[in-house]
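Structure data (compact mmCIF, C-alpha atoms and all ligand atoms) from run07.txt:
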```
# COMPACT_ATOMS: atom_id res chain seq x y z
CA MET H 1 14.38 -10.91 16.08
CA THR H 2 11.80 -12.49 18.34
CA PRO H 3 8.55 -14.10 17.22
CA THR H 4 6.60 -11.13 18.56
CA SER H 5 8.05 -9.09 15.70
CA ARG H 6 5.92 -11.12 13.36
CA PRO H 7 2.44 -10.49 14.66
CA SER H 8 0.28 -11.67 11.79
CA GLU H 9 0.76 -14.88 9.90
CA ASP H 10 -0.91 -14.45 6.53
CA THR H 11 -1.63 -17.85 5.11
CA ALA H 12 -3.13 -16.39 1.92
CA ALA H 13 0.05 -14.48 1.08
CA LEU H 14 1.54 -14.61 -2.40
CA LEU H 15 4.77 -13.11 -1.11
CA ASP H 16 5.85 -13.64 2.48
CA VAL H 17 9.09 -11.93 3.47
CA ARG H 18 10.24 -13.20 6.85
CA ASP H 19 12.83 -11.53 9.02
CA LEU H 20 14.88 -10.50 5.98
CA ARG H 21 18.31 -9.06 6.72
CA ILE H 22 20.41 -7.53 3.95
CA VAL H 23 23.91 -6.31 4.64
CA TYR H 24 26.37 -4.29 2.55
CA ASP H 25 29.95 -5.29 3.36
CA SER H 26 31.90 -2.05 3.40
CA PRO H 27 35.54 -1.35 4.32
CA ARG H 28 34.25 0.28 7.51
CA GLY H 29 32.23 -2.79 8.48
CA PRO H 30 28.82 -4.22 7.65
CA VAL H 31 25.96 -1.85 6.89
CA GLU H 32 22.61 -3.50 7.61
CA ALA H 33 20.20 -1.82 5.17
CA CYS H 34 17.32 -4.22 5.92
CA SER H 35 17.08 -5.30 9.54
CA GLY H 36 14.58 -8.09 10.02
CA VAL H 37 11.92 -6.99 7.54
CA ASN H 38 8.60 -8.82 7.59
CA LEU H 39 6.11 -8.19 4.82
CA THR H 40 3.24 -10.06 3.22
CA VAL H 41 1.58 -9.37 -0.11
CA ARG H 42 -1.67 -11.05 -1.04
CA PRO H 43 -2.64 -12.02 -4.59
CA GLY H 44 -3.77 -8.93 -6.51
CA GLU H 45 -2.79 -6.56 -3.70
CA PHE H 46 -1.04 -3.22 -4.18
CA VAL H 47 1.46 -2.56 -1.40
CA GLY H 48 3.26 0.78 -1.25
CA ILE H 49 6.63 1.11 0.48
CA VAL H 50 7.57 4.62 1.57
CA GLY H 51 10.36 6.22 3.55
CA GLU H 52 13.10 8.79 3.20
CA SER H 53 16.06 8.32 0.92
CA GLY H 54 18.51 5.77 2.26
CA CYS H 55 16.06 3.90 4.50
CA GLY H 56 16.50 0.64 2.57
CA LYS H 57 13.53 0.57 0.21
CA SER H 58 15.49 -0.32 -2.94
CA THR H 59 17.65 -2.77 -1.03
CA LEU H 60 14.50 -4.54 0.11
CA LEU H 61 13.11 -4.71 -3.44
CA PHE H 62 16.39 -6.03 -4.82
CA GLY H 63 16.42 -8.58 -2.01
CA ILE H 64 12.86 -9.69 -2.78
CA ALA H 65 13.71 -10.21 -6.46
CA GLN H 66 17.11 -11.66 -5.54
CA LEU H 67 18.73 -9.11 -7.83
CA HIS H 68 21.13 -7.83 -5.17
CA THR H 69 24.80 -7.92 -6.06
CA ALA H 70 27.98 -7.58 -4.00
CA PRO H 71 28.71 -5.86 -1.69
CA ALA H 72 25.08 -6.60 -0.74
CA ARG H 73 24.28 -10.01 0.66
CA ILE H 74 21.35 -11.69 2.38
CA ALA H 75 22.40 -12.17 5.99
CA GLY H 76 19.25 -13.97 7.09
CA GLY H 77 15.57 -14.56 6.57
CA GLU H 78 13.31 -15.93 3.87
CA VAL H 79 11.52 -14.62 0.80
CA LEU H 80 8.65 -17.05 0.27
CA PHE H 81 7.01 -16.58 -3.10
CA LEU H 82 4.46 -19.05 -4.43
CA GLY H 83 5.57 -21.30 -1.60
CA LYS H 84 9.29 -21.31 -2.57
CA ASP H 85 12.08 -19.58 -0.67
CA LEU H 86 13.78 -17.39 -3.28
CA VAL H 87 16.81 -16.95 -1.00
CA THR H 88 17.78 -20.60 -1.32
CA LEU H 89 16.25 -21.36 -4.73
CA PRO H 90 18.80 -22.62 -7.29
CA PRO H 91 19.60 -19.97 -9.97
CA LYS H 92 17.94 -21.96 -12.75
CA GLU H 93 14.61 -22.16 -10.89
CA LEU H 94 14.92 -18.51 -9.90
CA GLY H 95 15.45 -17.60 -13.56
CA ASP H 96 12.32 -19.54 -14.51
CA LEU H 97 10.23 -17.64 -11.96
CA ARG H 98 11.51 -14.20 -12.97
CA TRP H 99 9.51 -12.52 -15.72
CA ARG H 100 7.05 -15.40 -15.76
CA ASN H 101 5.79 -15.04 -12.18
CA LEU H 102 7.76 -12.15 -10.75
CA ALA H 103 8.69 -9.12 -12.82
CA VAL H 104 10.70 -6.06 -11.87
CA VAL H 105 10.37 -2.48 -13.11
CA MET H 106 13.21 -0.26 -12.02
CA GLN H 107 13.61 3.48 -11.51
CA SER H 108 15.02 4.43 -14.88
CA ALA H 109 13.97 2.64 -18.04
CA MET H 110 16.83 4.37 -19.83
CA ASN H 111 19.24 2.35 -17.69
CA ALA H 112 17.23 -0.85 -17.77
CA LEU H 113 16.65 -0.90 -21.53
CA ASN H 114 19.46 -1.65 -23.95
CA PRO H 115 20.00 1.58 -25.94
CA VAL H 116 21.21 -0.17 -29.10
CA ARG H 117 18.36 -2.69 -29.43
CA THR H 118 14.81 -1.95 -30.47
CA ILE H 119 11.95 -2.38 -28.03
CA GLY H 120 10.72 -5.34 -30.09
CA ASP H 121 14.13 -7.06 -29.99
CA GLN H 122 14.28 -6.67 -26.23
CA PHE H 123 10.78 -8.10 -25.80
CA GLU H 124 11.80 -11.01 -28.03
CA ASP H 125 14.92 -11.69 -25.92
CA ALA H 126 12.83 -11.74 -22.74
CA ILE H 127 10.30 -14.14 -24.29
CA LEU H 128 12.88 -16.48 -25.82
CA ALA H 129 14.65 -16.76 -22.47
CA HIS H 130 11.55 -18.63 -21.28
CA GLU H 131 9.52 -19.89 -24.22
CA LYS H 132 10.15 -21.28 -27.69
CA TRP H 133 7.45 -19.21 -29.35
CA THR H 134 7.23 -18.62 -33.10
CA ASP H 135 8.19 -15.22 -34.52
CA GLU H 136 4.53 -14.53 -35.19
CA ARG H 137 3.43 -15.34 -31.65
CA ILE H 138 6.24 -13.19 -30.24
CA ARG H 139 5.19 -10.28 -32.47
CA GLU H 140 1.54 -10.68 -31.49
CA ARG H 141 2.22 -10.80 -27.76
CA SER H 142 4.68 -7.91 -27.94
CA ALA H 143 2.14 -5.76 -29.80
CA GLU H 144 -0.56 -6.80 -27.33
CA VAL H 145 1.37 -5.73 -24.22
CA LEU H 146 2.37 -2.43 -25.84
CA ARG H 147 -1.29 -1.75 -26.58
CA LEU H 148 -2.08 -2.52 -22.92
CA VAL H 149 0.08 0.43 -21.91
CA ALA H 150 -1.36 2.63 -24.68
CA ILE H 151 1.70 2.60 -26.92
CA ASP H 152 1.24 2.05 -30.66
CA PRO H 153 2.85 -1.30 -31.60
CA VAL H 154 4.68 0.54 -34.37
CA HIS H 155 7.14 1.41 -31.61
CA LEU H 156 8.32 -2.19 -31.43
CA GLY H 157 10.71 -0.94 -34.10
CA SER H 158 11.81 2.08 -32.03
CA TYR H 159 15.00 2.42 -30.01
CA PRO H 160 14.62 3.57 -26.37
CA HIS H 161 15.96 7.06 -27.13
CA GLN H 162 13.18 7.55 -29.70
CA LEU H 163 10.53 7.32 -26.95
CA SER H 164 9.63 9.94 -24.34
CA GLY H 165 10.51 9.25 -20.69
CA GLY H 166 6.92 8.29 -19.91
CA MET H 167 6.73 5.97 -22.92
CA ARG H 168 9.97 4.26 -21.92
CA GLN H 169 8.64 3.57 -18.44
CA ARG H 170 5.41 2.26 -19.96
CA ALA H 171 7.43 0.09 -22.36
CA MET H 172 9.23 -1.38 -19.31
CA ILE H 173 5.86 -2.10 -17.72
CA ALA H 174 4.70 -3.70 -20.98
CA MET H 175 7.79 -5.91 -20.91
CA ALA H 176 6.99 -6.89 -17.33
CA LEU H 177 3.51 -7.92 -18.52
CA LEU H 178 4.73 -10.28 -21.27
CA PHE H 179 3.85 -13.35 -19.18
CA THR H 180 1.22 -11.68 -16.98
CA PRO H 181 3.17 -12.30 -13.75
CA ASP H 182 1.66 -12.80 -10.31
CA LEU H 183 3.74 -9.99 -8.84
CA ILE H 184 5.46 -6.89 -10.21
CA VAL H 185 7.91 -5.08 -7.98
CA MET H 186 8.43 -1.46 -8.96
CA ASP H 187 11.18 0.81 -7.72
CA GLU H 188 10.09 4.44 -8.16
CA PRO H 189 9.01 3.85 -11.78
CA THR H 190 7.58 7.36 -11.99
CA SER H 191 10.35 9.34 -10.30
CA ALA H 192 11.96 10.57 -13.54
CA LEU H 193 8.64 11.93 -14.85
CA ASP H 194 6.91 15.26 -14.42
CA VAL H 195 3.93 15.26 -12.03
CA VAL H 196 1.29 15.01 -14.77
CA ALA H 197 3.02 12.03 -16.43
CA GLN H 198 3.56 10.53 -12.96
CA ARG H 199 -0.12 10.57 -12.18
CA SER H 200 -1.17 9.23 -15.55
CA LEU H 201 1.32 6.35 -15.24
CA MET H 202 0.05 5.56 -11.74
CA VAL H 203 -3.54 5.49 -13.01
CA GLN H 204 -2.49 3.19 -15.82
CA ILE H 205 -0.61 0.81 -13.51
CA LYS H 206 -3.65 0.65 -11.22
CA GLU H 207 -6.03 -0.05 -14.13
CA LEU H 208 -3.79 -2.80 -15.48
CA GLN H 209 -3.45 -4.30 -12.04
CA GLN H 210 -7.21 -4.42 -11.59
CA LYS H 211 -7.74 -5.80 -15.10
CA LEU H 212 -5.00 -8.45 -15.03
CA GLY H 213 -5.01 -9.24 -11.31
CA PHE H 214 -1.28 -9.09 -10.56
CA ALA H 215 0.02 -7.88 -7.21
CA VAL H 216 2.29 -4.83 -6.96
CA VAL H 217 4.98 -3.81 -4.52
CA PHE H 218 5.63 -0.16 -5.25
CA VAL H 219 8.53 1.76 -3.75
CA THR H 220 8.52 5.54 -3.57
CA HIS H 221 9.62 8.21 -1.14
CA ASP H 222 6.45 10.17 -1.93
CA MET H 223 3.70 9.13 0.46
CA SER H 224 1.05 11.16 -1.36
CA LEU H 225 1.81 9.38 -4.66
CA VAL H 226 0.75 5.97 -3.40
CA SER H 227 -2.03 7.18 -1.13
CA HIS H 228 -4.75 6.73 -3.75
CA PHE H 229 -3.39 3.60 -5.36
CA SER H 230 -2.14 1.21 -2.69
CA ASP H 231 -4.20 -1.14 -0.54
CA ARG H 232 -1.62 -1.30 2.22
CA LEU H 233 1.24 1.00 3.06
CA LEU H 234 4.54 0.00 4.60
CA VAL H 235 6.60 2.77 6.15
CA MET H 236 10.34 2.09 6.42
CA TYR H 237 12.85 3.92 8.55
CA ALA H 238 16.55 3.11 8.93
CA GLY H 239 16.26 -0.40 7.51
CA GLN H 240 13.20 -1.38 9.55
CA VAL H 241 9.46 -1.49 9.03
CA VAL H 242 8.04 1.11 11.43
CA GLU H 243 4.40 0.93 10.35
CA PHE H 244 2.39 -1.34 8.08
CA GLY H 245 -1.34 -1.26 7.57
CA PRO H 246 -4.29 -0.39 5.33
CA THR H 247 -3.32 2.72 3.36
CA ARG H 248 -6.37 4.75 4.34
CA THR H 249 -5.83 4.06 8.02
CA VAL H 250 -2.12 4.85 7.92
CA PHE H 251 -2.86 7.99 5.94
CA ASP H 252 -5.78 9.25 8.01
CA THR H 253 -4.50 8.21 11.43
CA PRO H 254 -0.77 7.44 11.24
CA SER H 255 0.28 5.59 14.38
CA HIS H 256 4.06 5.82 14.36
CA PRO H 257 5.60 9.26 15.02
CA TYR H 258 7.79 8.80 11.92
CA SER H 259 4.74 8.15 9.69
CA ARG H 260 3.17 11.30 11.11
CA SER H 261 6.31 13.32 10.44
CA LEU H 262 6.59 11.92 6.91
CA LEU H 263 2.98 12.88 6.16
CA ASP H 264 3.50 16.36 7.56
CA ALA H 265 6.45 16.77 5.18
CA PHE H 266 4.28 16.38 2.05
CA PRO H 267 1.77 18.89 0.69
CA SER H 268 -1.84 17.76 0.37
CA ILE H 269 -3.22 18.41 -3.13
CA ARG H 270 -6.81 18.95 -2.05
CA GLY H 271 -6.68 19.51 1.71
CA PRO H 272 -6.39 22.88 3.46
CA LYS H 273 -3.12 24.76 3.13
CA VAL H 274 -0.96 24.04 6.17
CA PRO H 275 2.71 24.82 6.73
CA LEU H 276 4.92 21.86 5.76
CA LEU H 277 7.00 20.54 8.60
CA GLY H 278 10.31 18.98 7.70
CA ILE H 279 11.74 16.19 9.83
CA PRO H 280 14.66 17.54 11.86
CA GLY H 281 18.03 15.87 11.35
CA ASP H 282 18.90 13.05 8.97
CA PRO H 283 18.31 9.31 8.94
CA PRO H 284 21.02 7.53 10.92
CA ASN H 285 24.17 5.94 9.58
CA LEU H 286 23.14 2.31 9.20
CA ALA H 287 26.65 1.15 10.05
CA ASP H 288 26.00 2.46 13.55
CA PRO H 289 22.27 2.99 14.19
CA PRO H 290 21.19 4.64 17.45
CA ALA H 291 20.42 2.46 20.46
CA GLY H 292 16.79 1.99 21.37
CA CYS H 293 14.29 3.19 18.80
CA ARG H 294 16.18 4.16 15.63
CA PHE H 295 13.94 7.22 15.19
CA ASN H 296 14.54 8.48 18.74
CA PRO H 297 17.07 11.25 17.88
CA ARG H 298 14.52 12.88 15.55
CA CYS H 299 11.27 11.92 17.22
CA PRO H 300 9.13 14.88 18.33
CA VAL H 301 7.60 12.83 21.16
CA VAL H 302 10.70 10.93 22.30
CA GLN H 303 10.75 9.68 25.88
CA ASP H 304 13.70 8.45 27.92
CA ALA H 305 12.86 4.77 27.39
CA CYS H 306 13.07 5.26 23.61
CA ARG H 307 16.81 5.88 23.88
CA SER H 308 17.55 2.46 25.34
CA GLU H 309 14.69 0.07 24.56
CA ALA H 310 14.36 -1.17 20.97
CA PRO H 311 10.69 -1.48 20.01
CA GLU H 312 9.32 -4.40 18.05
CA LEU H 313 6.58 -4.30 15.44
CA TYR H 314 3.40 -4.45 17.55
CA PRO H 315 -0.10 -5.17 16.23
CA LEU H 316 -2.47 -2.37 17.27
CA GLU H 317 -5.59 -3.54 18.99
CA ALA H 318 -7.37 -0.26 18.30
CA SER H 319 -6.51 -0.30 14.57
CA PRO H 320 -7.08 -3.74 13.05
CA GLY H 321 -4.39 -4.74 10.56
CA VAL H 322 -1.98 -1.99 11.63
CA GLN H 323 1.44 -2.71 13.10
CA SER H 324 3.66 -0.07 14.64
CA ARG H 325 7.25 -0.13 15.92
CA CYS H 326 6.78 2.36 18.76
CA LEU H 327 7.05 1.71 22.49
CA ALA H 328 3.76 3.61 22.84
CA HIS H 329 2.11 0.65 21.12
CA ARG H 330 3.62 -2.28 22.96
CA PRO H 331 0.84 -4.35 24.49
CA THR H 332 2.37 -4.42 27.97
CA ASP H 333 3.60 -1.28 29.69
CA PRO H 334 3.19 1.12 26.75
CA ILE H 335 4.98 4.42 27.20
CA ASP H 336 3.04 7.67 27.25
CA ILE H 337 3.93 9.93 24.31
CA SER H 338 1.15 12.44 24.89
CA SER H 339 3.26 14.47 27.31
CA PRO H 340 5.60 17.14 25.91
CA ALA H 341 8.62 15.63 24.26
CA THR H 342 11.91 15.52 26.06
CA GLU H 343 14.80 17.17 24.26
CA VAL H 344 15.18 16.01 20.61
CA THR H 345 18.85 15.37 19.97
CA ALA H 346 18.87 15.75 16.16
CA SER H 347 20.29 19.04 14.95
N1 LIG O 401 27.01 -0.15 -2.14
C1 LIG O 401 26.75 0.14 -0.87
N2 LIG O 401 27.68 0.03 0.08
C2 LIG O 401 27.41 0.31 1.37
N3 LIG O 401 26.20 0.71 1.82
C3 LIG O 401 25.24 0.86 0.91
C4 LIG O 401 25.43 0.58 -0.48
N4 LIG O 401 24.27 0.82 -1.12
C5 LIG O 401 23.38 1.22 -0.18
N5 LIG O 401 23.97 1.23 1.04
C6 LIG O 401 23.33 1.55 2.33
O1 LIG O 401 22.01 1.07 2.30
C7 LIG O 401 21.12 2.07 2.73
C8 LIG O 401 19.82 1.89 2.00
O2 LIG O 401 19.98 2.22 0.63
P1 LIG O 401 18.75 2.10 -0.37
O3 LIG O 401 19.24 2.53 -1.71
O4 LIG O 401 18.14 0.76 -0.25
O5 LIG O 401 17.75 3.18 0.23
P2 LIG O 401 16.43 3.78 -0.44
O6 LIG O 401 15.46 3.92 0.69
O7 LIG O 401 16.00 2.96 -1.58
O8 LIG O 401 16.91 5.20 -0.92
P3 LIG O 401 16.42 6.05 -2.21
O9 LIG O 401 15.00 6.50 -1.92
O10 LIG O 401 17.38 7.18 -2.24
O11 LIG O 401 16.51 5.16 -3.41
C9 LIG O 401 21.83 3.39 2.47
O12 LIG O 401 21.50 4.31 3.44
C10 LIG O 401 23.28 3.02 2.60
O13 LIG O 401 23.68 3.21 3.95
```
Translate the structure described by the file into structure tokens.
Amino acid sequence: MTPTSRPSEDTAALLDVRDLRIVYDSPRGPVEACSGVNLTVRPGEFVGIVGESGCGKSTLLFGIAQLHTAPARIAGGEVLFLGKDLVTLPPKELGDLRWRNLAVVMQSAMNALNPVRTIGDQFEDAILAHEKWTDERIRERSAEVLRLVAIDPVHLGSYPHQLSGGMRQRAMIAMALLFTPDLIVMDEPTSALDVVAQRSLMVQIKELQQKLGFAVVFVTHDMSLVSHFSDRLLVMYAGQVVEFGPTRTVFDTPSHPYSRSLLDAFPSIRGPKVPLLGIPGDPPNLADPPAGCRFNPRCPVVQDACRSEAPELYPLEASPGVQSRCLAHRPTDPIDISSPATEVTAS
């Protein structure tokens, strides 16, 4: 990847992911699920990551937290967090940073929590892995973080199966808050919940974030879910960042044709009723992505150049803070996508 793919150095960044490449080694060859991802997160910022299933969102999160396991491996790049590169950090130092400075909340609390240990025991394990606190201090802190997520501390004595799905997710968030980390990465923490519980959990995460000041990287495939809660939105497609910018701007005036298609595929809760447009075709096989722009076989405004020239992530002069991976946005010789699209090859 060339330096032009990294248009904005962000010296104030808490997390600075640089040209990260994550590969799954499969019997049929390497599958690059993250292809040169650049991403910055500032202290206290809420960054949403959206994209269709299989575009590499979870892989990226696992890579950021260095929780990836074989057959996944980091094939290049850096994950700078609090000035340290997590990719090369010795396991002991990485272990010290996790929970204390960087916490992770995964999709299903039922899988992440140990079913045969009480919530309180699991909080205690997490604390004792880092601190030699007294039993009383552990109890106090555990009760405090449960209260923060509106769960009665009496549930420190409960087993995960005794809590509702929403409570389990909130208990996981409480656990992530034990040391008030600088950053919490969340992989679809609301996806197993009904829409009402989803919204209430999102509101709660946002309130906690504003109160405690931690930054959030939040992965979802639901663009509308993060629209009200994130400061910046990163749109991923086929292992690459295709658009990154202030959420309102990306939402109101999406620049990349994929972002536009993704928005058209979700209903607006309050806006006028419009027919939902699906995105034709499927995301590509990452073992053999298409030449040129990876979205070209499905792009409604594809031009001939898109089939052979791979776009970089270009900063948009007209939209400060927005970057787009579309040849229409390259600073020199941008292509014209206003004319009717040539034939879309996706079925
Ligand atoms: N164990 C594996 N072996 C080979 N390839 C894999 C493996 N796990 C994931 N992949 C590849 O990585 C790509 C990205 O997967 P990932 O789970 O990160 O996507 P995602 O955007 O998080 O999807 P979802 O929204 O469904 O969770 C997949 O399309 C797949 O090609």
Original post:
What does the distance between CA of Arg21 (chain H) and CA of Gly77 (chain H) come to in Å, to one decimal place?
Top reply: 6.1 Å
**OP:** List all protein, DNA and RNA residues that have at least one atom no more than 9 Å from any atom of ligand LIG 401 (chain O), counting all atoms listed in the file, and write them as a ChimeraX atom specification.
**Re:** /H:22-27,30-34,50-62,69-72,107,187-188,219-221,236-239,283-287
Using all atoms listed in the file, determine which residues lie at most 8 Å from Gln169 (chain H), disregarding the query and same-chain residues fewer than 4 positions distant; provide the list as a PDB file with C-alpha atoms, keeping the file's coordinate frame.
```pdb
ATOM      1  CA  SER H 108      15.020   4.430 -14.880  1.00  0.00           C
ATOM      2  CA  ALA H 109      13.970   2.640 -18.040  1.00  0.00           C
ATOM      3  CA  GLY H 165      10.510   9.250 -20.690  1.00  0.00           C
ATOM      4  CA  ILE H 173       5.860  -2.100 -17.720  1.00  0.00           C
ATOM      5  CA  PRO H 189       9.010   3.850 -11.780  1.00  0.00           C
ATOM      6  CA  THR H 190       7.580   7.360 -11.990  1.00  0.00           C
TER       7      THR H 190
END
```
As lines of an AutoDock Vina configuration file, please: the centre and edge lengths in Å, to one decimal, of an axis-aligned box enclosing every listed atom of region 123-133 of chain H with 4 Å added on each side.
```
center_x = 11.2
center_y = -14.7
center_z = -25.3
size_x = 15.5
size_y = 21.2
size_z = 16.1
```
What lies within 6 Å of region 302-315 of chain H using all atoms listed in the file, ignoring chain neighbours under 3 positions off, as a compact mmCIF listing (two decimals) with C-alpha atoms, in the frame of the given file?
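Printed below is part_5.txt as written:
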```
# COMPACT_ATOMS: atom_id res chain seq x y z
CA SER H 5 8.05 -9.09 15.70
CA ALA H 291 20.42 2.46 20.46
CA GLY H 292 16.79 1.99 21.37
CA CYS H 293 14.29 3.19 18.80
CA ASN H 296 14.54 8.48 18.74
CA CYS H 299 11.27 11.92 17.22
CA VAL H 322 -1.98 -1.99 11.63
CA GLN H 323 1.44 -2.71 13.10
CA SER H 324 3.66 -0.07 14.64
CA ARG H 325 7.25 -0.13 15.92
CA CYS H 326 6.78 2.36 18.76
CA LEU H 327 7.05 1.71 22.49
CA ARG H 330 3.62 -2.28 22.96
CA ALA H 341 8.62 15.63 24.26
CA THR H 342 11.91 15.52 26.06
```
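A straight line drawn from CA of Ser35 (chain H) to CA of Arg73 (chain H) is 12.4 Å long.
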Produce a table with one row for each residue of region 108-227 of chain H that has an atom at most 9 Å from any atom of region 251-266 of chain H, each row naming the nearest atom pair and its distance in Å at one decimal; use all atoms listed in the file; arrange rows by chain and rising residue number; format as a tab-separated table.
```
residue	atom	partner	partner_atom	distance
H:Asp222	CA	H:Phe266	CA	7.7
H:Met223	CA	H:Leu263	CA	6.9
H:Ser224	CA	H:Phe266	CA	7.0
H:Ser227	CA	H:Phe251	CA	7.2
```
Original post:
Can you tell me, as a PyMOL selection string, which residues sit within 12 Å of (2.4, -5.2, -18.5) in the file's frame, using only C-alpha atoms?
Top reply: chain H and resi 99-100+102-105+123+141-151+169-186+204-216
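Between CA of Val235 (chain H) and CA of Thr40 (chain H) the separation is 13.6 Å.
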